[in-house]
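Data file: protein.cif. Format and content: mmCIF, C-alpha atoms and all ligand atoms.
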data_start
loop_
_atom_site.label_atom_id
_atom_site.label_comp_id
_atom_site.auth_asym_id
_atom_site.auth_seq_id
_atom_site.Cartn_x
_atom_site.Cartn_y
_atom_site.Cartn_z
CA GLU A 782 1.80 22.34 -7.72
CA TYR A 783 2.03 19.75 -4.93
CA ALA A 784 -1.61 18.80 -5.08
CA GLU A 785 -0.85 15.12 -5.66
CA THR A 786 1.91 14.76 -3.06
CA PRO A 787 0.62 13.53 0.32
CA LEU A 788 3.09 15.69 2.26
CA VAL A 789 5.62 18.37 1.39
CA VAL A 790 7.50 20.03 4.26
CA ARG A 791 9.49 23.08 3.13
CA GLY A 792 11.89 25.18 5.15
CA LEU A 793 10.09 24.46 8.38
CA ARG A 794 11.16 26.37 11.46
CA LYS A 795 9.45 26.45 14.83
CA ALA A 796 10.62 28.69 17.65
CA TYR A 797 8.65 28.59 20.88
CA GLY A 798 7.69 31.65 22.86
CA ASP A 799 10.73 31.31 25.08
CA GLY A 800 12.94 31.58 21.99
CA PHE A 801 13.80 27.88 21.95
CA VAL A 802 14.14 26.66 18.36
CA ALA A 803 12.66 23.15 18.23
CA VAL A 804 12.73 22.75 14.42
CA GLU A 805 15.14 24.41 11.99
CA ARG A 806 15.20 24.23 8.16
CA VAL A 807 13.38 20.95 7.89
CA ASP A 808 12.51 19.76 4.37
CA PHE A 809 11.14 16.37 3.35
CA THR A 810 8.36 14.79 1.34
CA VAL A 811 6.15 11.76 1.76
CA GLU A 812 5.05 10.12 -1.48
CA ARG A 813 2.28 7.61 -2.11
CA GLY A 814 3.27 4.06 -1.25
CA GLN A 815 5.93 5.18 1.22
CA VAL A 816 6.10 4.51 4.95
CA VAL A 817 8.38 7.29 6.14
CA GLY A 818 9.96 7.10 9.58
CA LEU A 819 10.71 10.39 11.33
CA LEU A 820 13.54 9.15 13.49
CA GLY A 821 15.37 10.90 16.30
CA PRO A 822 16.04 10.98 20.03
CA ASN A 823 13.65 12.52 22.54
CA GLY A 824 13.50 16.27 22.10
CA ALA A 825 14.69 16.15 18.46
CA GLY A 826 11.59 17.99 17.25
CA LYS A 827 9.50 15.10 15.93
CA THR A 828 6.31 15.90 17.79
CA THR A 829 6.66 19.59 16.98
CA THR A 830 6.96 18.76 13.27
CA LEU A 831 3.88 16.52 13.36
CA ARG A 832 1.88 19.12 15.30
CA VAL A 833 2.72 21.77 12.72
CA LEU A 834 1.72 19.60 9.82
CA MET A 835 -1.58 18.69 11.50
CA GLY A 836 -2.34 22.37 11.98
CA LEU A 837 -2.16 22.09 15.79
CA THR A 838 0.52 24.77 16.04
CA MET A 839 1.71 27.47 13.62
CA PRO A 840 5.17 27.31 12.05
CA THR A 841 7.48 30.27 12.62
CA GLU A 842 8.69 29.92 9.03
CA GLY A 843 8.07 27.51 6.17
CA ASP A 844 5.18 25.27 5.30
CA ALA A 845 3.79 21.79 5.64
CA LEU A 846 1.47 21.05 2.74
CA VAL A 847 -0.88 18.06 2.71
CA PHE A 848 -2.01 17.45 -0.88
CA GLY A 849 -1.05 21.05 -1.52
CA HIS A 850 -2.89 22.57 1.44
CA ARG A 851 -1.93 23.85 4.86
CA LEU A 852 -4.14 22.02 7.35
CA GLU A 853 -6.41 24.29 9.35
CA PRO A 854 -10.04 24.10 10.46
CA GLY A 855 -12.24 23.71 7.40
CA SER A 856 -9.35 22.75 5.15
CA PRO A 857 -10.64 20.76 2.15
CA VAL A 858 -8.05 18.01 2.61
CA LEU A 859 -8.78 17.21 6.26
CA SER A 860 -10.77 14.18 5.14
CA ARG A 861 -7.71 12.83 3.32
CA VAL A 862 -5.50 12.66 6.41
CA GLY A 863 -5.80 10.62 9.59
CA ALA A 864 -3.61 11.20 12.60
CA LEU A 865 -2.61 9.98 16.01
CA VAL A 866 -0.61 12.92 17.32
CA GLU A 867 -2.29 13.66 20.60
CA GLY A 868 -3.53 10.66 22.58
CA PRO A 869 -7.28 10.48 22.03
CA GLY A 870 -9.38 10.16 25.16
CA PHE A 871 -11.76 7.25 24.93
CA LEU A 872 -15.03 7.10 26.80
CA PRO A 873 -14.39 4.31 29.34
CA HIS A 874 -17.93 2.98 29.58
CA LEU A 875 -18.35 2.60 25.84
CA THR A 876 -16.90 -0.27 23.83
CA GLY A 877 -14.06 0.32 21.40
CA LEU A 878 -16.46 0.19 18.48
CA GLN A 879 -18.90 2.58 20.16
CA ASN A 880 -16.04 4.99 20.73
CA LEU A 881 -15.12 4.88 17.05
CA HIS A 882 -18.74 5.50 16.06
CA ALA A 883 -18.96 8.46 18.46
CA TYR A 884 -15.74 9.90 17.06
CA TRP A 885 -16.86 9.51 13.47
CA GLN A 886 -20.24 11.05 14.17
CA ALA A 887 -18.48 14.09 15.62
CA THR A 888 -16.60 14.55 12.33
CA GLY A 889 -19.95 15.07 10.60
CA ARG A 890 -18.97 12.84 7.71
CA PRO A 891 -21.33 10.19 6.28
CA ALA A 892 -21.29 6.90 8.23
CA ALA A 893 -20.78 4.94 5.01
CA ASP A 894 -17.41 6.66 4.50
CA ALA A 895 -15.97 5.46 7.81
CA ARG A 896 -15.12 1.90 6.67
CA PHE A 897 -15.19 0.68 10.27
CA ASP A 898 -14.71 -2.97 9.34
CA GLU A 899 -11.63 -2.31 7.23
CA ALA A 900 -9.99 -0.01 9.77
CA LEU A 901 -10.61 -2.54 12.55
CA GLU A 902 -9.38 -5.40 10.41
CA ILE A 903 -6.14 -3.57 9.58
CA ALA A 904 -5.61 -2.54 13.21
CA GLY A 905 -6.22 -6.15 14.33
CA LEU A 906 -8.46 -5.49 17.29
CA GLY A 907 -10.56 -8.64 16.87
CA ASP A 908 -13.39 -9.26 19.32
CA SER A 909 -12.02 -6.77 21.82
CA VAL A 910 -13.85 -3.99 19.93
CA HIS A 911 -16.94 -5.15 21.81
CA ARG A 912 -15.36 -4.63 25.23
CA LYS A 913 -15.54 -1.41 27.21
CA THR A 914 -12.37 0.60 26.78
CA LYS A 915 -11.93 0.89 30.58
CA ASN A 916 -10.87 -2.78 30.41
CA TYR A 917 -8.33 -2.23 27.62
CA SER A 918 -4.61 -2.83 27.99
CA HIS A 919 -2.23 -0.11 26.83
CA GLY A 920 -1.59 -2.05 23.61
CA MET A 921 -5.31 -2.34 22.85
CA ARG A 922 -5.76 1.38 23.46
CA GLN A 923 -2.92 2.11 21.05
CA ARG A 924 -4.49 -0.10 18.43
CA LEU A 925 -7.89 1.51 18.91
CA ALA A 926 -6.27 4.94 18.56
CA ILE A 927 -4.64 3.79 15.33
CA ALA A 928 -7.91 2.32 14.07
CA GLN A 929 -9.50 5.71 14.80
CA ALA A 930 -6.80 7.47 12.78
CA MET A 931 -7.46 4.99 9.94
CA LEU A 932 -11.20 5.58 9.80
CA GLY A 933 -12.18 6.49 6.27
CA LEU A 934 -8.89 4.94 5.09
CA PRO A 935 -7.24 8.35 4.64
CA GLU A 936 -4.62 8.65 1.91
CA LEU A 937 -2.09 10.00 4.44
CA LEU A 938 -1.76 8.49 7.92
CA VAL A 939 0.35 10.36 10.52
CA LEU A 940 1.30 8.57 13.75
CA ASP A 941 3.41 9.91 16.62
CA GLU A 942 5.32 7.08 18.34
CA PRO A 943 2.59 4.46 17.79
CA THR A 944 4.65 1.69 19.40
CA ASP A 945 5.32 3.70 22.56
CA GLY A 946 4.86 1.45 25.56
CA LEU A 947 4.13 -1.69 23.54
CA ASP A 948 5.88 -5.00 24.17
CA PRO A 949 7.85 -6.78 21.39
CA PRO A 950 4.97 -8.93 20.04
CA GLN A 951 2.77 -5.84 19.91
CA ILE A 952 5.50 -3.93 18.09
CA ALA A 953 5.79 -6.74 15.54
CA GLU A 954 2.04 -6.52 15.07
CA MET A 955 2.30 -2.77 14.49
CA ARG A 956 4.80 -3.39 11.70
CA ARG A 957 2.30 -5.65 9.98
CA VAL A 958 -0.38 -2.99 10.38
CA LEU A 959 1.68 -0.16 8.86
CA LYS A 960 3.00 -2.21 5.98
CA ARG A 961 -0.50 -3.27 5.01
CA TYR A 962 -1.75 0.27 5.26
CA ALA A 963 0.66 1.82 2.76
CA THR A 964 -0.55 -0.28 -0.12
CA ASP A 965 -3.03 1.00 -2.70
CA GLY A 966 -1.24 4.33 -3.04
CA ARG A 967 -1.68 5.37 0.56
CA ALA A 968 1.20 6.88 2.57
CA VAL A 969 2.30 6.78 6.21
CA LEU A 970 4.47 9.11 8.28
CA VAL A 971 5.43 7.63 11.63
CA SER A 972 7.74 9.01 14.30
CA SER A 973 10.02 6.84 16.39
CA HIS A 974 13.13 7.05 18.54
CA LEU A 975 14.11 3.47 17.69
CA LEU A 976 16.38 2.87 14.72
CA ALA A 977 15.55 -0.85 14.61
CA GLU A 978 11.87 -0.11 14.47
CA VAL A 979 12.19 2.30 11.57
CA GLU A 980 14.48 -0.17 9.83
CA GLN A 981 11.86 -2.88 10.03
CA THR A 982 8.73 -0.83 9.42
CA CYS A 983 9.59 1.96 7.01
CA THR A 984 10.54 2.31 3.36
CA HIS A 985 12.18 5.71 3.97
CA ALA A 986 13.63 7.56 6.93
CA VAL A 987 14.11 11.20 7.86
CA VAL A 988 16.58 11.40 10.73
CA VAL A 989 16.39 14.47 12.95
CA ASN A 990 18.54 15.63 15.82
CA LYS A 991 18.30 18.91 17.69
CA GLY A 992 15.66 20.15 15.27
CA ARG A 993 17.65 19.53 12.09
CA ILE A 994 17.67 16.77 9.48
CA VAL A 995 20.88 14.74 9.61
CA ALA A 996 19.94 12.10 7.02
CA ASP A 997 17.08 11.45 4.62
CA GLY A 998 16.46 8.67 2.10
CA PRO A 999 15.52 5.03 1.50
CA VAL A 1000 15.79 3.20 4.79
CA ASP A 1001 18.38 0.71 3.53
CA ASP A 1002 20.74 3.56 2.63
CA ILE A 1003 20.24 5.27 5.96
CA VAL A 1004 20.74 2.21 8.09
CA GLY A 1005 23.51 0.57 6.10
CA ASP A 1006 25.76 3.39 5.02
CA SER A 1007 25.71 6.00 7.66
CA PRO A 1008 27.69 5.38 10.82
CA SER A 1009 27.01 8.98 11.81
CA VAL A 1010 23.30 8.21 11.88
CA GLN A 1011 23.91 5.20 14.09
CA LEU A 1012 25.83 7.45 16.45
CA GLU A 1013 23.24 10.20 16.38
CA VAL A 1014 20.39 7.93 17.34
CA SER A 1015 22.20 5.37 19.45
CA ASP A 1016 22.18 7.54 22.55
CA VAL A 1017 18.41 7.48 22.92
P1 LIG A 1101 9.69 13.46 22.25
O1 LIG A 1101 9.87 12.10 21.71
O2 LIG A 1101 10.27 13.64 23.63
O3 LIG A 1101 8.31 14.03 22.12
P2 LIG A 1101 10.36 15.05 20.02
O4 LIG A 1101 11.44 14.72 19.06
O5 LIG A 1101 9.00 14.75 19.62
O6 LIG A 1101 10.66 14.35 21.38
P3 LIG A 1101 9.46 17.69 20.58
O7 LIG A 1101 8.38 17.22 21.48
O8 LIG A 1101 9.09 18.21 19.25
O9 LIG A 1101 10.56 16.56 20.39
O10 LIG A 1101 10.30 18.79 21.36
C1 LIG A 1101 11.43 19.41 20.81
C2 LIG A 1101 11.95 20.42 21.80
O11 LIG A 1101 11.03 21.51 21.89
C3 LIG A 1101 12.12 19.87 23.19
O12 LIG A 1101 13.36 20.33 23.71
C4 LIG A 1101 10.98 20.46 23.98
O13 LIG A 1101 11.33 20.71 25.31
C5 LIG A 1101 10.70 21.77 23.25
N1 LIG A 1101 9.30 22.17 23.34
C6 LIG A 1101 8.24 21.43 22.97
N2 LIG A 1101 7.08 22.11 23.16
C7 LIG A 1101 7.43 23.30 23.68
C8 LIG A 1101 6.70 24.48 24.12
N3 LIG A 1101 5.37 24.53 24.04
N4 LIG A 1101 7.41 25.53 24.59
C9 LIG A 1101 8.77 25.47 24.66
N5 LIG A 1101 9.52 24.42 24.27
C10 LIG A 1101 8.86 23.35 23.79
#

Let me see whether you can do it: turn the structure in this file into structure tokens.
Ligand code: ATP
Amino acid sequence: EYAETPLVVRGLRKAYGDGFVAVERVDFTVERGQVVGLLGPNGAGKTTTLRVLMGLTMPTEGDALVFGHRLEPGSPVLSRVGALVEGPGFLPHLTGLQNLHAYWQATGRPAADARFDEALEIAGLGDSVHRKTKNYSHGMRQRLAIAQAMLGLPELLVLDEPTDGLDPPQIAEMRRVLKRYATDGRAVLVSSHLLAEVEQTCTHAVVVNKGRIVADGPVDDIVGDSPSVQLEVSDV
């Protein structure tokens, strides 16, 4: 029923072993062409939500369906989603490009499907792909991680705080990257604790606080009309 929707999150709840409820009754969708910002302060439940939808942890209740499927090992839609949710470790003595090749080889998918040139072009790494990653700045590492998530140009791209630790010019660059990516019917879900960043990068926003959604909709509506949202996220 949701086979054509990149992401449908329904009634998601996640309680940890200690009884702490990190996510409660979370519902949202990500449609093709959208860049959706999952916005909220630290501890709001963003990472937990992304980990559930990537199949890295089980929900206590509810579902996260990617093109109609729960992600788990062997899931048929794994090749349609790319993610940066847990910082990838790069091999320091290999170049950026060699790292991407090693990663892709480990996926077992045909080399021709990787589209290395396009992913690198979108991520804007330039000639630095030929340098060893031990010499990379934090910003270059982030971009390489994003290029890795983009390999194969997946229809859904999921990024957890991709601008974390970047300086303003690098953040501006990231905006360009995400906007370009969501063309051609692709979709992006990106988490952030910065309202301004979501405002400038995303078409839609899902605002979470203490595990619950407090606002959801086109980003202009969220940012313009909701003083409560400003208050909720201004204390981050
Ligand atoms: P951040 O930006 O800090 O990562 P977040 O919005 O992504 O924030 P989560 O990482 O999802 O938030 O964490 C939500 C809450 O769940 C936090 O209070 C955190 O302490 C708690 N939490 C996360 N992982 C666990 C765990 N394995 N066991 C118990 N509590 C956890």

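Using only C-alpha atoms for every distance, the candidate list A:Leu940, A:Leu959, A:Ala883, A:Ala930 yields A:Leu940 as the residue closest to Lys827 (chain A).
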
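Put simply, CA of Ala887 (chain A) is 18.5 Å away from CA of Thr914 (chain A).
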
Kindly provide, as a VMD selection string, all nucleotide and amino acid residues lying within 12 Å of ligand LIG 1101 (chain A), counting all atoms listed in the file. chain A and resid 794 to 805 819 to 833 837 to 839 866 to 867 940 to 945 971 to 975 988 to 994 1014 1017

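Each of A:Tyr917, A:Phe848, A:Tyr962, A:Tyr884 was checked against Ala904 (chain A) using all atoms listed in the file; the smallest atom-to-atom distance is that of A:Tyr962.
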
Counting only C-alpha atoms, which residues sit no farther than 10 Å from the position (-13.4, 12.2, 20.1) in the file's frame? I'd like them as a PyMOL selection string. chain A and resi 869-872+880-888+929

Output file for the selection above: C-alpha atoms, as a short mmCIF file (atom, residue, chain, number, x, y, z; two decimals), in the coordinates of the input:
data_model
loop_
_atom_site.label_atom_id
_atom_site.label_comp_id
_atom_site.auth_asym_id
_atom_site.auth_seq_id
_atom_site.Cartn_x
_atom_site.Cartn_y
_atom_site.Cartn_z
CA PRO A 869 -7.28 10.48 22.03
CA GLY A 870 -9.38 10.16 25.16
CA PHE A 871 -11.76 7.25 24.93
CA LEU A 872 -15.03 7.10 26.80
CA ASN A 880 -16.04 4.99 20.73
CA LEU A 881 -15.12 4.88 17.05
CA HIS A 882 -18.74 5.50 16.06
CA ALA A 883 -18.96 8.46 18.46
CA TYR A 884 -15.74 9.90 17.06
CA TRP A 885 -16.86 9.51 13.47
CA GLN A 886 -20.24 11.05 14.17
CA ALA A 887 -18.48 14.09 15.62
CA THR A 888 -16.60 14.55 12.33
CA GLN A 929 -9.50 5.71 14.80
#

Can you pull out every residue within 8 Å of Arg813 (chain A), counting all atoms listed in the file, but drop anything in the same chain fewer than 2 positions away, and send it as a PyMOL selection string? chain A and resi 786-787+811+815+963+966-968

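From CA of Glu978 (chain A) back to CA of Ile952 (chain A), the distance works out to 8.3 Å.
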
Which neighbours of Asp965 (chain A) fall inside 12 Å, counting only C-alpha atoms, when residues of the same chain fewer than 6 positions from it are skipped, and could you give them as a PDB file with C-alpha atoms, in the frame of the given file?
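The result, stored in out-v7.pdb:
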ATOM      1  CA  ARG A 813       2.280   7.610  -2.110  1.00  0.00           C
ATOM      2  CA  GLY A 814       3.270   4.060  -1.250  1.00  0.00           C
ATOM      3  CA  GLN A 815       5.930   5.180   1.220  1.00  0.00           C
ATOM      4  CA  LEU A 934      -8.890   4.940   5.090  1.00  0.00           C
ATOM      5  CA  PRO A 935      -7.240   8.350   4.640  1.00  0.00           C
ATOM      6  CA  GLU A 936      -4.620   8.650   1.910  1.00  0.00           C
ATOM      7  CA  LEU A 937      -2.090  10.000   4.440  1.00  0.00           C
TER       8      LEU A 937
END

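Near His911 (chain A), within 7 Å and counting only C-alpha atoms, sit Thr876, Gly877 and Leu878 of chain A; same-chain residues fewer than 6 positions away were not included.
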
From the list A:Met921, A:Arg961, A:Arg912, A:Arg861, which residue is nearest Glu899 (chain A) when using all atoms listed in the file? A:Arg961

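Comparing the minimum interatomic distances between Leu938 (chain A) and each of A:Ala900, A:Pro857, A:Met835, A:Val969, counting all atoms listed in the file, we find that A:Val969 sits nearest.
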
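Comparing A:Glu842, A:Asp1002, A:Glu853, A:Glu902 by their smallest distance to Ala986 (chain A), the closest is A:Asp1002 (using all atoms listed in the file).
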
Tell me which protein, DNA and RNA residues are within 10 Å of Gln951 (chain A), counting all atoms listed in the file, leaving out same-chain ones fewer than 4 positions away, and put them as a PyMOL selection string. chain A and resi 920-921+923-924+944+946-947+955-957

For C-alpha atoms, I'd like the residues from the last selection saved as a tab-separated table (two decimals), in the coordinates of the input.
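Listing of result29.tsv after writing:
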chain	number	residue	atom	x	y	z
A	920	GLY	CA	-1.59	-2.05	23.61
A	921	MET	CA	-5.31	-2.34	22.85
A	923	GLN	CA	-2.92	2.11	21.05
A	924	ARG	CA	-4.49	-0.10	18.43
A	944	THR	CA	4.65	1.69	19.40
A	946	GLY	CA	4.86	1.45	25.56
A	947	LEU	CA	4.13	-1.69	23.54
A	955	MET	CA	2.30	-2.77	14.49
A	956	ARG	CA	4.80	-3.39	11.70
A	957	ARG	CA	2.30	-5.65	9.98

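Between CA of Gly868 (chain A) and CA of Asp844 (chain A) the interatomic distance comes to 24.2 Å.
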
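By chain and then residue number, the residues within 9 Å of Ala845 (chain A) are Leu788, Val789, Val790, Arg791, Gly792, Leu793, Thr830, Val833, Leu834, Met835, Gly836, Pro840, Gly843, Val847, Gly849, His850, Arg851 and Leu852 of chain A, counting all atoms listed in the file and disregarding those fewer than 2 positions away in sequence.
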
Subset file: region 898-918 of chain A, N, CA and C atoms, as a JSON list (two decimals), in the first residue's frame:
[["chain", "number", "residue", "atom", "x", "y", "z"],
["A", 898, "ASP", "N", 31.31, 8.80, -9.80],
["A", 898, "ASP", "CA", 31.55, 10.17, -10.27],
["A", 898, "ASP", "C", 30.41, 11.10, -9.88],
["A", 899, "GLU", "N", 29.17, 10.61, -10.02],
["A", 899, "GLU", "CA", 28.04, 11.47, -9.70],
["A", 899, "GLU", "C", 27.95, 11.76, -8.20],
["A", 900, "ALA", "N", 28.17, 10.72, -7.38],
["A", 900, "ALA", "CA", 28.11, 10.93, -5.94],
["A", 900, "ALA", "C", 29.19, 11.92, -5.49],
["A", 901, "LEU", "N", 30.39, 11.78, -6.06],
["A", 901, "LEU", "CA", 31.48, 12.67, -5.68],
["A", 901, "LEU", "C", 31.22, 14.09, -6.17],
["A", 902, "GLU", "N", 30.66, 14.18, -7.35],
["A", 902, "GLU", "CA", 30.34, 15.50, -7.91],
["A", 902, "GLU", "C", 29.31, 16.21, -7.01],
["A", 903, "ILE", "N", 28.26, 15.48, -6.63],
["A", 903, "ILE", "CA", 27.23, 16.10, -5.79],
["A", 903, "ILE", "C", 27.82, 16.49, -4.44],
["A", 904, "ALA", "N", 28.65, 15.62, -3.87],
["A", 904, "ALA", "CA", 29.21, 15.90, -2.55],
["A", 904, "ALA", "C", 30.31, 16.96, -2.59],
["A", 905, "GLY", "N", 30.82, 17.26, -3.80],
["A", 905, "GLY", "CA", 31.77, 18.37, -3.95],
["A", 905, "GLY", "C", 33.13, 18.13, -3.31],
["A", 906, "LEU", "N", 33.64, 16.92, -3.46],
["A", 906, "LEU", "CA", 34.94, 16.64, -2.84],
["A", 906, "LEU", "C", 36.14, 17.07, -3.69],
["A", 907, "GLY", "N", 35.92, 17.25, -4.98],
["A", 907, "GLY", "CA", 37.01, 17.70, -5.85],
["A", 907, "GLY", "C", 38.21, 16.77, -5.82],
["A", 908, "ASP", "N", 39.40, 17.36, -5.96],
["A", 908, "ASP", "CA", 40.63, 16.55, -6.04],
["A", 908, "ASP", "C", 41.00, 15.87, -4.74],
["A", 909, "SER", "N", 40.37, 16.29, -3.64],
["A", 909, "SER", "CA", 40.74, 15.68, -2.36],
["A", 909, "SER", "C", 40.37, 14.20, -2.29],
["A", 910, "VAL", "N", 39.57, 13.70, -3.22],
["A", 910, "VAL", "CA", 39.28, 12.25, -3.21],
["A", 910, "VAL", "C", 40.53, 11.43, -3.41],
["A", 911, "HIS", "N", 41.58, 12.06, -3.94],
["A", 911, "HIS", "CA", 42.81, 11.31, -4.19],
["A", 911, "HIS", "C", 43.81, 11.43, -3.05],
["A", 912, "ARG", "N", 43.40, 12.08, -1.97],
["A", 912, "ARG", "CA", 44.27, 12.16, -0.78],
["A", 912, "ARG", "C", 43.87, 11.10, 0.23],
["A", 913, "LYS", "N", 44.86, 10.69, 1.03],
["A", 913, "LYS", "CA", 44.57, 9.71, 2.08],
["A", 913, "LYS", "C", 43.65, 10.34, 3.12],
["A", 914, "THR", "N", 42.72, 9.55, 3.62],
["A", 914, "THR", "CA", 41.72, 10.14, 4.52],
["A", 914, "THR", "C", 42.33, 10.55, 5.87],
["A", 915, "LYS", "N", 43.53, 10.03, 6.21],
["A", 915, "LYS", "CA", 44.16, 10.47, 7.46],
["A", 915, "LYS", "C", 44.49, 11.96, 7.41],
["A", 916, "ASN", "N", 44.57, 12.52, 6.20],
["A", 916, "ASN", "CA", 44.87, 13.95, 6.06],
["A", 916, "ASN", "C", 43.61, 14.80, 5.89],
["A", 917, "TYR", "N", 42.44, 14.20, 6.04],
["A", 917, "TYR", "CA", 41.20, 14.95, 5.83],
["A", 917, "TYR", "C", 40.86, 15.82, 7.03],
["A", 918, "SER", "N", 40.26, 16.98, 6.73],
["A", 918, "SER", "CA", 39.65, 17.80, 7.78],
["A", 918, "SER", "C", 38.31, 17.16, 8.16]]
